[in-house]
Amino acid sequence: MKLIIAVVQDKDRRKVTDALLERRYQFTVVATTGGLLREGNVSILIGVEAEQVDDVIGVIQAHSKTREQLVNVFPPTIEPIGTCIPSPVKVQVGGATIFVLNVERFEKL
Ligand code: 2BA
């Protein structure tokens, strides 16, 4: 058995989870926050058999979009407080960041 962890943008959550439900996958959605953007995203935990992993990744890929976002980067120089001007930098986010882990043991009690 495998555990897929998919970090998806909040805007794509509905489309991705609807598509997974349609294909009868079981999953848990956890509200998470991106380390760089510090914006809400979701991490979807999906427990599946090994042969289903590629299908799940295909479903996620089909329903998550790549977007550009601006992030404020503060210059590394030491400025007096209040004089430091952040410069916005464009980063590309998504479609999805996916981890596939081996599950040692799975129980439903
Ligand atoms: P964030 O950390 O908010 O990152 C948003 C986007 O900023 C990333 O998009 C990437 O394009 C850029 N970025 C983040 N950290 C960077 C760095 N150290 N150097 C250069 N660019 C950087 P994605 O790669 O699509 O990632 C989307 C979200 O997936 C991330 O949101 C984070 O929540 C998660 N993620 C991505 N890689 C991860 C990893 N290795 N471990 C855990 N979570 C990860």
# chains A, B, ... in the order shown; residues from 1 in each chain; ligands from 1
$ residues_near_ligand --ligand "ligand 1" --cutoff "7 Å" --atoms "only C-alpha atoms and all ligand atoms" --output "PyMOL selection string"
chain A and resi 7-8+33-39+41+91-97
$ write_last_selection --atoms "C-alpha atoms" --output "CSV table (one decimal), in the first residue's frame"
chain,number,residue,atom,x,y,z
A,7,VAL,CA,-0.1,19.7,-1.8
A,8,VAL,CA,-2.6,21.5,-3.9
A,33,THR,CA,0.2,26.7,4.7
A,34,GLY,CA,3.0,27.2,2.2
A,35,GLY,CA,6.3,27.9,3.8
A,36,LEU,CA,7.3,30.6,1.3
A,37,LEU,CA,4.0,32.3,0.4
A,38,ARG,CA,2.5,31.7,3.8
A,39,GLU,CA,-0.8,31.3,2.1
A,41,ASN,CA,-3.0,25.4,0.6
A,91,VAL,CA,7.1,32.6,-8.4
A,92,GLN,CA,5.3,29.8,-10.2
A,93,VAL,CA,3.1,27.7,-7.9
A,94,GLY,CA,1.7,24.3,-8.6
A,95,GLY,CA,-0.1,22.5,-10.2
A,96,ALA,CA,0.6,20.1,-7.3
A,97,THR,CA,3.5,18.9,-5.2
$ residues_around --residues "Arg13 in chain A" --least-positions-apart "5" --cutoff "9 Å" --atoms "only C-alpha atoms" --output "PyMOL selection string"
chain A and resi 8+18+29+41-42+44+63-64
$ residues_around --residues "Arg24 in chain A" --least-positions-apart "2" --cutoff "12 Å" --atoms "only C-alpha atoms" --output "PyMOL selection string"
chain A and resi 17-22+26-27+46-48+52+55-56+59
$ atom_distance --atom1 "CA of Lys11 in chain A" --atom2 "CA of Val100 in chain A"
22.6 Å
$ select_by_dssp --residues "chain A" --states "strand (DSSP E or B)" --output "ChimeraX atom specification"
/A:2-9,27-33,40-48,67-73,87-93,96-102
$ atom_distance --atom1 "CA of Tyr25 in chain A" --atom2 "CA of Glu104 in chain A"
19.6 Å
$ atom_distance --atom1 "CA of Gly40 in chain A" --atom2 "CA of Gln9 in chain A"
7.6 Å
$ residues_around --residues "Val73 in chain A" --least-positions-apart "3" --cutoff "8 Å" --atoms "only C-alpha atoms" --output "MDAnalysis selection string"
chainID A and resid 86:89
$ write_last_selection --atoms "all heavy atoms" --output "short mmCIF file (atom, residue, chain, number, x, y, z; two decimals), in the first residue's frame"
data_model
loop_
_atom_site.label_atom_id
_atom_site.label_comp_id
_atom_site.auth_asym_id
_atom_site.auth_seq_id
_atom_site.Cartn_x
_atom_site.Cartn_y
_atom_site.Cartn_z
N PRO A 86 10.39 46.04 0.56
CA PRO A 86 10.39 44.70 -0.05
C PRO A 86 10.23 44.78 -1.56
O PRO A 86 9.55 45.67 -2.07
CB PRO A 86 9.18 44.02 0.59
CG PRO A 86 8.28 45.13 0.98
CD PRO A 86 9.14 46.32 1.27
N SER A 87 10.89 43.89 -2.30
CA SER A 87 10.72 43.88 -3.75
C SER A 87 9.92 42.64 -4.15
O SER A 87 10.29 41.53 -3.79
CB SER A 87 12.07 43.92 -4.45
OG SER A 87 12.92 42.96 -3.87
N PRO A 88 8.81 42.84 -4.89
CA PRO A 88 8.00 41.68 -5.26
C PRO A 88 8.67 40.84 -6.35
O PRO A 88 9.21 41.38 -7.31
CB PRO A 88 6.70 42.30 -5.77
CG PRO A 88 6.93 43.75 -5.90
CD PRO A 88 8.28 44.09 -5.37
N VAL A 89 8.65 39.52 -6.15
CA VAL A 89 9.25 38.59 -7.11
C VAL A 89 8.15 37.60 -7.52
O VAL A 89 7.36 37.17 -6.69
CB VAL A 89 10.42 37.82 -6.44
CG1 VAL A 89 10.95 36.71 -7.33
CG2 VAL A 89 11.53 38.78 -6.04
#
